[in-house]
Structure formats: C-alpha cells, structure tokens
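Each remark here refers to the structure printed beneath this line.
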2 protein chains.
Amino acid sequence: MTASPSTSRDMASSRIFETLKQDLIRGRFAAGEKLAISALKDHYRVGLSPLREALNRLAAYGLLEQVNQRGFRVPAMELEELDDIAGLRAQLECMALTQAFQAGDSEWESQVLAAHHRLRRADEHPEQVEEWEQAHLRFHRALLASCGSHWLLRFIEQLHDQFDRYRRLAPPNPAVRKALDRQHGELVELALSRDIRAARALLDDHIRLSHSVARGCCESPASDDDT
Amino acid sequence: MTASPSTSRDMASSRIFETLKQDLIRGRFAAGEKLAISALKDHYRVGLSPLREALNRLAAYGLLEQVNQRGFRVPAMELEELDDIAGLRAQLECMALTQAFQAGDSEWESQVLAAHHRLRRADEHPEQVEEWEQAHLRFHRALLASCGSHWLLRFIEQLHDQFDRYRRLAPPNPAVRKALDRQHGELVELALSRDIRAARALLDDHIRLSHSVARGCCESPASDDDT
DNA sequence: TTGAATTAAAAAATCGATTTTGTTGAGATG
DNA sequence: CATCTCAACAAAATCGATTTTTTAATTCAA
C-alpha cells in the first residue's frame, strides 16, 4: 500500500466505508440481502453513527441501495446490468485510453511500466488474491491516469468496482486468465509505442473477454471460500 | 412534480439531502466555503445525524468535499474543471442520444414531446426560474431516457448537476439563451425523424454553446438574486 | 375459514450529550 | 524579535438512549 503515512489516521466512518466497500466487491454479502445494521455494528465493532455515514456514502456510490424507511440492501445482480456496466466500461476506457496516449509523458510511461511489473510479481503468488486484485486495479488505473479528465477517471473507477463485483463471483477460468495476463503486457508495449488504434482494439477485447468470464457469475452455486 | 404520492414521506436525511443539493447547485454557498455543521443544523432545522448523513451522500456524489478530520467544504470552481465536465458531458450525451434514437419507441417520443411542451410553457414565465430549470433538466432527461443504459444516464445526470453549478453562476445571455431554446425544438424534430447524425451534431453544439455561457461564471462579481 | 384490525416485537431513524481532534493566542524561550 | 509550547476554546466525530416506523403475530368478526 502506498498511501497513509501514519500521520493521517482517518475517521471511523472512512475506515468502515473502505472495509464495507471491499467486502461488498468481494461478494461477502449475498446479492439482494438486507443489511441488518445492528449486526454490522457488532461484526465490525463500530458505532452506529460512523456506520450509518458509511452506508450512506456506499449508497450514493452505487454499492448499496437505500430503501425509504427500511434500511439498506445489497443490489441484486442481473446479467442485463453486467452487460450495461461492461459495455459502458469498454467505451469509457477506450475514450480515456486515447486521451492518455495523447497526453502521456515519460513519467506516465514509467508508472505504467512499474504498475505492470508489480502485476507480474503478484501473478507469481496465486494464493494472495487480494494483492493481485489490487495490483490489477492499479495497473488499469495507471494506464489511463494521464487522460486528463478527472471525471472520466472517476466514472471508470466506479464502473470497475461494479464490474469486479460480478467478476469476483464468477468461477475462475485459468485459460482465459492467461490470455488476459498476456494482454496486459501487450497494452504496455502499445502504450510505449503510442499505437492508439491497436491499443483501443486490444483494450476493447480485454474488457470483452473479461466480461465473458464475469458472465459466469449467475451459474455456479457460489462456492464460498477464504478467511 | 410527478413524484411522491403523499403515502411516502421520506426521511429527514433524504429531505435535507435534496434541499442541500439544490442549494449547492443554485450557488447558495460560496465556492471553497467551509460548511459549519452546527450552523447548517440551525438554518435547516434538522438534527445532526440526518444532516451528517446527507453531507456524506453529497460528498460521495461530488457536490461536497470531505476533509479528513475537519468537516465538509464546497468544491472550488475552476475553469479547467468546467471544461472537463462540459467536454465529457458532450461525449456521454451524444453516446446516449445515439442509443436513445435506436431504442426509442412511441412512448419515448410522447414523453419527449410532453417534456418539450412543458419547457416552452416554462419559458413564458421568466420570473419562475426554478420551474424553468426543472423543466429544462427533465427535457434533456426525457431525450436520452430510452438509451437503455442505467449507468450512462446516471453519470450524465451527475455531470449535468455539476455543469449547472457553473452555468447558474454565469451572467445570463438573452441572445444565446434564445438560440439554445431554438435548439431544443430542433432536437425534438430530429428525434421524431430519427436523424442520428444531425441530432448528435446539434446536441454537441448545444452543449458547447451552453458551455461558452457557463464559462462566464468566473468573471462577474456574482450579482445575487431570487428568493 | 378467511380476512381485516389490533398490538407486540423488531428495526431504522433521530436526538442530545460526550469524546476527540483541530485551532488560536498568550506567554515563555532562544 | 521570531519561534515554540501549552492551555483554552471551538468544531467535528462518535456514542448511548429515545422516538418513529415497519414487520409479524394474534385476535376477533363476518
């Protein structure tokens, strides 16, 4: 983790927000589940006020739904919505990629290379899923970082989080995963050579391929795991 | 207002959220201003908990900034950001327009016509600014409503709110306003005839023109007005 | 037996008070 | 004279209790 230089310990509400956000993306809660607030309070060992503030933020972000006078629930997962998310993600990321290639300087190139290196390292430890997930997110972030549009990056991040919520539920597919990994390397090369056309096509393919994997999320009986 | 059939009175936090959202977009607070929470509490006559929940939602939505341990502040207004917002808005709305034209049925056509009619009616009462603003927002919403992408519409709405925050601060320009109004009518015609190419060009122009007006937000000494 | 009405239990939303943290300015120190 | 320290203050964040609303269970009448 590159962030938080010990000087800035943040509020309880921010901590619980991050924790809940990750748990929602990781699929720790069932889709459509109604969240029992006092149960969350006990489980995460936080007070009611910070917890409710975090829930409100998550609802505004789209990772929870707030129903009038009856609390919060985890959004349902529907293939139709996944298709929407993936399609829009492809369009927005291709848009950002073009701008990133046009505006990117050598500092950007370095960051992309560095992020890719960390991703490959994370690949070597398949047991540390969360490390890989973080490195993967950061690689895609680095690739588009120089696009110059704060709001575009913001929306892409939001879509990525939504997308991952589906993808993480889908059964892994080693063959496809290998192809996806290869594409990461190819994206780096195309970034360095500033081949916009080829890179757009590749990124579009990349998201499409990942999308096809994520679509498996609604089949398997969600074999649970981990900590 | 078409919503809320008396049966569903919503929570204090939702009410204060809507009120604050509107006040932020209308420019009732100075850009960069730090919000004094207890002052807000007194002014809006609400408790601390619902108020804080509303502030958290607004921060997640992008209409406020939350600073670590020192409360909330109104985001600064920068021309650079306005350009970002307007540019992205143009791209996303043109994207949505294309899809809306392809998927729109006769019900959609009716809604567009109806929304346009209300907008023209609102035009006749220049003193009721808020009525016009609402009708205007709803017209643009209706035009894209049939695009089929929940998330695209969501982002467009968010950008529209951000854009209006700048536009509302800019001095009015009756000549340009007239041109913009004319474009609304032309958009309706192009929608009915499904002329995607022309409509895209027109919508792009429309946003660009509105953008040029909004850019005046940083010059004038913000002569205040209304209620 | 069904179904509307009542009420008891549970959960969410809100309030008022407390704790924690950041800010300011007076006085001490170099 | 500038800078540092520390107390007093102000503001934000959090807690625990109360109020409001929903949900479920149960009763009573048709």
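Following the order of the structure tokens, first chain is A, next is B, and so on, with residues numbered from 1 inside each chain and ligands from 1 in the order they appear.
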Margin query: I'd like to know which residues of range 10-184 of chain B are alpha helix (DSSP H) (by DSSP, run on the backbone); could you write them as an MDAnalysis selection string?
Written below: chainID B and resid 12:25 37:44 48:61 79:103 106:123 129:144 150:167 174:184
Next item on the list: Return as a PyMOL selection string the residues belonging to chain A that are within 10 Å of chain D, counting only C-alpha atoms (C1' of nucleotides).
Entry: chain A and resi 11-13+46-50+69-70
Keeping only all heavy atoms, write the selected residues to a file as a short mmCIF file (atom, residue, chain, number, x, y, z; two decimals), in the first residue's frame.
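Contents of result_13.cif, as written:
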data_model
loop_
_atom_site.label_atom_id
_atom_site.label_comp_id
_atom_site.auth_asym_id
_atom_site.auth_seq_id
_atom_site.Cartn_x
_atom_site.Cartn_y
_atom_site.Cartn_z
N MET A 11 -11.01 8.84 9.97
CA MET A 11 -12.15 8.67 10.85
C MET A 11 -12.68 7.24 10.81
O MET A 11 -12.46 6.51 9.85
CB MET A 11 -13.26 9.61 10.44
CG MET A 11 -12.83 11.04 10.32
SD MET A 11 -14.13 12.06 9.66
CE MET A 11 -14.22 11.51 7.97
N ALA A 12 -13.42 6.90 11.83
CA ALA A 12 -14.04 5.58 11.90
C ALA A 12 -14.97 5.38 10.71
O ALA A 12 -15.00 4.30 10.12
CB ALA A 12 -14.82 5.43 13.21
N SER A 13 -15.68 6.44 10.32
CA SER A 13 -16.62 6.28 9.22
C SER A 13 -15.89 5.99 7.91
O SER A 13 -16.37 5.20 7.10
CB SER A 13 -17.49 7.54 9.07
OG SER A 13 -16.70 8.65 8.72
N VAL A 46 -18.01 -1.10 15.37
CA VAL A 46 -18.06 0.35 15.21
C VAL A 46 -19.37 0.88 15.78
O VAL A 46 -20.31 0.12 16.01
CB VAL A 46 -17.98 0.76 13.74
CG1 VAL A 46 -16.60 0.54 13.20
CG2 VAL A 46 -19.03 0.03 12.92
N GLY A 47 -19.40 2.18 15.99
CA GLY A 47 -20.61 2.80 16.49
C GLY A 47 -21.65 2.95 15.40
O GLY A 47 -21.36 2.75 14.21
N LEU A 48 -22.83 3.30 15.79
CA LEU A 48 -23.91 3.44 14.84
C LEU A 48 -23.71 4.62 13.89
O LEU A 48 -23.95 4.50 12.68
CB LEU A 48 -25.24 3.61 15.59
CG LEU A 48 -26.33 2.65 15.14
CD1 LEU A 48 -26.15 1.33 15.84
CD2 LEU A 48 -27.69 3.22 15.42
N SER A 49 -23.28 5.73 14.43
CA SER A 49 -23.17 6.94 13.60
C SER A 49 -22.17 6.76 12.47
O SER A 49 -22.52 6.98 11.30
CB SER A 49 -22.82 8.14 14.46
OG SER A 49 -23.66 8.21 15.59
N PRO A 50 -20.94 6.38 12.75
CA PRO A 50 -19.99 6.19 11.64
C PRO A 50 -20.46 5.13 10.66
O PRO A 50 -20.29 5.29 9.45
CB PRO A 50 -18.69 5.77 12.31
CG PRO A 50 -18.95 5.68 13.75
CD PRO A 50 -20.30 6.17 14.06
N GLN A 69 -37.75 3.75 4.30
CA GLN A 69 -37.67 3.75 5.76
C GLN A 69 -37.29 2.36 6.26
O GLN A 69 -37.55 2.01 7.40
CB GLN A 69 -39.03 4.16 6.33
CG GLN A 69 -38.96 4.88 7.65
CD GLN A 69 -39.03 6.38 7.53
OE1 GLN A 69 -39.29 6.91 6.46
NE2 GLN A 69 -38.79 7.07 8.62
N ARG A 70 -36.66 1.60 5.38
CA ARG A 70 -36.35 0.24 5.79
C ARG A 70 -34.93 -0.18 5.44
O ARG A 70 -34.66 -1.30 5.02
CB ARG A 70 -37.38 -0.74 5.23
CG ARG A 70 -37.48 -0.75 3.75
CD ARG A 70 -38.82 -1.31 3.27
NE ARG A 70 -39.91 -0.38 3.54
CZ ARG A 70 -41.13 -0.49 3.01
NH1 ARG A 70 -41.41 -1.50 2.23
NH2 ARG A 70 -42.06 0.39 3.27
#
Find the residues in chain A near chain B: any atom within 7 Å counts, using only C-alpha atoms. Write them as a short mmCIF file (atom, residue, chain, number, x, y, z; two decimals) with N, CA and C atoms, in the first residue's frame.
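After the write, iface_16.cif holds the following:
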data_model
loop_
_atom_site.label_atom_id
_atom_site.label_comp_id
_atom_site.auth_asym_id
_atom_site.auth_seq_id
_atom_site.Cartn_x
_atom_site.Cartn_y
_atom_site.Cartn_z
N ASP A 10 -7.47 8.12 9.68
CA ASP A 10 -8.74 8.72 9.31
C ASP A 10 -9.87 8.28 10.22
N MET A 11 -11.01 8.84 9.97
CA MET A 11 -12.15 8.67 10.85
C MET A 11 -12.68 7.24 10.81
N GLU A 53 -23.10 6.58 8.40
CA GLU A 53 -22.50 7.51 7.44
C GLU A 53 -21.83 6.75 6.30
N ASN A 56 -24.47 5.37 3.98
CA ASN A 56 -25.00 6.44 3.11
C ASN A 56 -24.06 6.73 1.95
N ARG A 57 -22.77 6.77 2.24
CA ARG A 57 -21.80 7.01 1.17
C ARG A 57 -21.82 5.89 0.15
N ALA A 60 -24.74 6.20 -2.12
CA ALA A 60 -24.54 7.24 -3.13
C ALA A 60 -23.57 6.77 -4.21
N TYR A 61 -22.67 5.87 -3.84
CA TYR A 61 -21.67 5.36 -4.78
C TYR A 61 -22.26 4.26 -5.66
N ASN A 68 -36.54 3.54 1.34
CA ASN A 68 -37.13 4.63 2.14
C ASN A 68 -36.96 4.54 3.65
N GLN A 69 -37.75 3.75 4.30
CA GLN A 69 -37.67 3.75 5.76
C GLN A 69 -37.29 2.36 6.26
N ASP A 84 -24.57 -3.93 -19.26
CA ASP A 84 -24.55 -2.46 -19.29
C ASP A 84 -23.21 -1.94 -18.78
N ILE A 85 -22.82 -2.44 -17.61
CA ILE A 85 -21.58 -2.00 -16.98
C ILE A 85 -20.38 -2.27 -17.89
N SER A 149 -8.79 13.80 -17.68
CA SER A 149 -10.16 14.07 -17.25
C SER A 149 -10.46 13.44 -15.90
N TRP A 151 -13.16 13.60 -14.16
CA TRP A 151 -14.49 12.98 -14.07
C TRP A 151 -14.54 11.66 -14.82
#
Per residue of chain A within 10 Å of chain C, record the nearest atom pair and its distance in Å to one decimal, counting only C-alpha atoms (C1' of nucleotides), with rows in chain order and ascending residue number, as a tab-separated table.
residue	atom	partner	partner_atom	distance
A:Ala36	CA	C:DA11	C1'	8.2
A:Ile37	CA	C:DA12	C1'	8.4
A:Ser38	CA	C:DA11	C1'	8.7
A:Gln69	CA	C:DA12	C1'	6.8
A:Arg70	CA	C:DA12	C1'	6.3
A:Gly71	CA	C:DA12	C1'	6.3
A:Phe72	CA	C:DA12	C1'	9.8
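Considering only C-alpha atoms, the residue among B:Asp164, B:Asp205, B:Glu131, B:Glu109 positioned nearest to Val188 in chain B is B:Glu109.
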Next item on the list: Can you pull out every residue within 10 Å of His160 in chain A, counting only C-alpha atoms (C1' of nucleotides), but drop anything in the same chain fewer than 5 positions away, and send it as a PyMOL selection string?
Entry: chain A and resi 85-86+89+93+137+140-141+154-155+165
Deliver the residues from the most recent selection as a file, using N, CA, C and O atoms, as a PDB file, in the first residue's frame.
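Final output, part_22.pdb:
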ATOM      1  N   ILE A  85     -22.824  -2.442 -17.613  1.00  0.00           N
ATOM      2  CA  ILE A  85     -21.577  -1.996 -16.982  1.00  0.00           C
ATOM      3  C   ILE A  85     -20.380  -2.269 -17.892  1.00  0.00           C
ATOM      4  O   ILE A  85     -19.548  -1.385 -18.133  1.00  0.00           O
ATOM      5  N   ALA A  86     -20.312  -3.478 -18.410  1.00  0.00           N
ATOM      6  CA  ALA A  86     -19.156  -3.855 -19.233  1.00  0.00           C
ATOM      7  C   ALA A  86     -19.107  -3.041 -20.524  1.00  0.00           C
ATOM      8  O   ALA A  86     -18.045  -2.559 -20.930  1.00  0.00           O
ATOM      9  N   ARG A  89     -18.141   0.466 -19.695  1.00  0.00           N
ATOM     10  CA  ARG A  89     -16.745   0.466 -19.269  1.00  0.00           C
ATOM     11  C   ARG A  89     -15.834   0.423 -20.489  1.00  0.00           C
ATOM     12  O   ARG A  89     -14.842   1.163 -20.567  1.00  0.00           O
ATOM     13  N   GLU A  93     -13.356   3.494 -21.165  1.00  0.00           N
ATOM     14  CA  GLU A  93     -11.917   3.232 -21.039  1.00  0.00           C
ATOM     15  C   GLU A  93     -11.202   3.459 -22.366  1.00  0.00           C
ATOM     16  O   GLU A  93     -10.073   3.962 -22.389  1.00  0.00           O
ATOM     17  N   LEU A 137      -6.041  -3.661 -10.389  1.00  0.00           N
ATOM     18  CA  LEU A 137      -6.769  -2.386 -10.411  1.00  0.00           C
ATOM     19  C   LEU A 137      -5.816  -1.230 -10.677  1.00  0.00           C
ATOM     20  O   LEU A 137      -6.079  -0.349 -11.499  1.00  0.00           O
ATOM     21  N   HIS A 140      -4.571  -0.934 -14.376  1.00  0.00           N
ATOM     22  CA  HIS A 140      -5.551  -0.297 -15.271  1.00  0.00           C
ATOM     23  C   HIS A 140      -5.672   1.195 -14.972  1.00  0.00           C
ATOM     24  O   HIS A 140      -5.842   2.008 -15.871  1.00  0.00           O
ATOM     25  N   ARG A 141      -5.572   1.525 -13.709  1.00  0.00           N
ATOM     26  CA  ARG A 141      -5.622   2.929 -13.324  1.00  0.00           C
ATOM     27  C   ARG A 141      -4.443   3.695 -13.921  1.00  0.00           C
ATOM     28  O   ARG A 141      -4.604   4.776 -14.483  1.00  0.00           O
ATOM     29  N   ARG A 154     -13.009   9.112 -12.670  1.00  0.00           N
ATOM     30  CA  ARG A 154     -13.901   8.821 -11.551  1.00  0.00           C
ATOM     31  C   ARG A 154     -14.972   7.810 -11.939  1.00  0.00           C
ATOM     32  O   ARG A 154     -15.227   6.839 -11.231  1.00  0.00           O
ATOM     33  N   PHE A 155     -15.595   8.043 -13.099  1.00  0.00           N
ATOM     34  CA  PHE A 155     -16.646   7.137 -13.551  1.00  0.00           C
ATOM     35  C   PHE A 155     -16.088   5.752 -13.878  1.00  0.00           C
ATOM     36  O   PHE A 155     -16.706   4.727 -13.597  1.00  0.00           O
ATOM     37  N   ARG A 165     -17.457  -6.657  -8.852  1.00  0.00           N
ATOM     38  CA  ARG A 165     -18.445  -7.313  -8.005  1.00  0.00           C
ATOM     39  C   ARG A 165     -19.011  -8.542  -8.723  1.00  0.00           C
ATOM     40  O   ARG A 165     -19.230  -9.588  -8.111  1.00  0.00           O
TER      41      ARG A 165
END
Next item on the list: Quote the spacing between CA of Phe29 in chain A and CA of Tyr44 in chain A in Å to one decimal place.
Entry: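 Pair CA of Phe29 in chain A / CA of Tyr44 in chain A returns 13.9 Å.
CA of Leu203 in chain B lies 16.6 Å from CA of Leu113 in chain B.
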Could you give me, as a PDB file with N, CA, C and O atoms, in the first residue's frame, each residue of range 29-224 of chain A that DSSP assigns to strand (DSSP E or B) when run on this structure's backbone?
ATOM      1  N   LYS A  34     -30.659  -7.977   2.709  1.00  0.00           N
ATOM      2  CA  LYS A  34     -30.935  -6.792   3.502  1.00  0.00           C
ATOM      3  C   LYS A  34     -29.914  -6.731   4.625  1.00  0.00           C
ATOM      4  O   LYS A  34     -29.702  -7.708   5.335  1.00  0.00           O
ATOM      5  N   LEU A  35     -29.276  -5.587   4.782  1.00  0.00           N
ATOM      6  CA  LEU A  35     -28.241  -5.465   5.803  1.00  0.00           C
ATOM      7  C   LEU A  35     -28.863  -5.126   7.151  1.00  0.00           C
ATOM      8  O   LEU A  35     -29.568  -4.120   7.285  1.00  0.00           O
ATOM      9  N   GLU A  65     -28.230  -0.109  -1.927  1.00  0.00           N
ATOM     10  CA  GLU A  65     -29.485   0.571  -2.234  1.00  0.00           C
ATOM     11  C   GLU A  65     -30.131   0.963  -0.921  1.00  0.00           C
ATOM     12  O   GLU A  65     -30.171   0.175   0.017  1.00  0.00           O
ATOM     13  N   GLN A  66     -30.615   2.181  -0.874  1.00  0.00           N
ATOM     14  CA  GLN A  66     -31.263   2.652   0.341  1.00  0.00           C
ATOM     15  C   GLN A  66     -32.763   2.693   0.095  1.00  0.00           C
ATOM     16  O   GLN A  66     -33.223   3.351  -0.820  1.00  0.00           O
ATOM     17  N   PHE A  72     -30.886  -0.572   4.358  1.00  0.00           N
ATOM     18  CA  PHE A  72     -30.037  -0.741   3.179  1.00  0.00           C
ATOM     19  C   PHE A  72     -30.052  -2.186   2.708  1.00  0.00           C
ATOM     20  O   PHE A  72     -30.133  -3.105   3.517  1.00  0.00           O
ATOM     21  N   ARG A  73     -29.938  -2.353   1.381  1.00  0.00           N
ATOM     22  CA  ARG A  73     -29.818  -3.719   0.876  1.00  0.00           C
ATOM     23  C   ARG A  73     -28.761  -3.775  -0.218  1.00  0.00           C
ATOM     24  O   ARG A  73     -28.485  -2.791  -0.909  1.00  0.00           O
TER      25      ARG A  73
END
Margin query: One decimal, in Å: what's the spacing between CA of Phe101 in chain A and CA of Ile207 in chain A?
Written below: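 The value is 18.3 Å.
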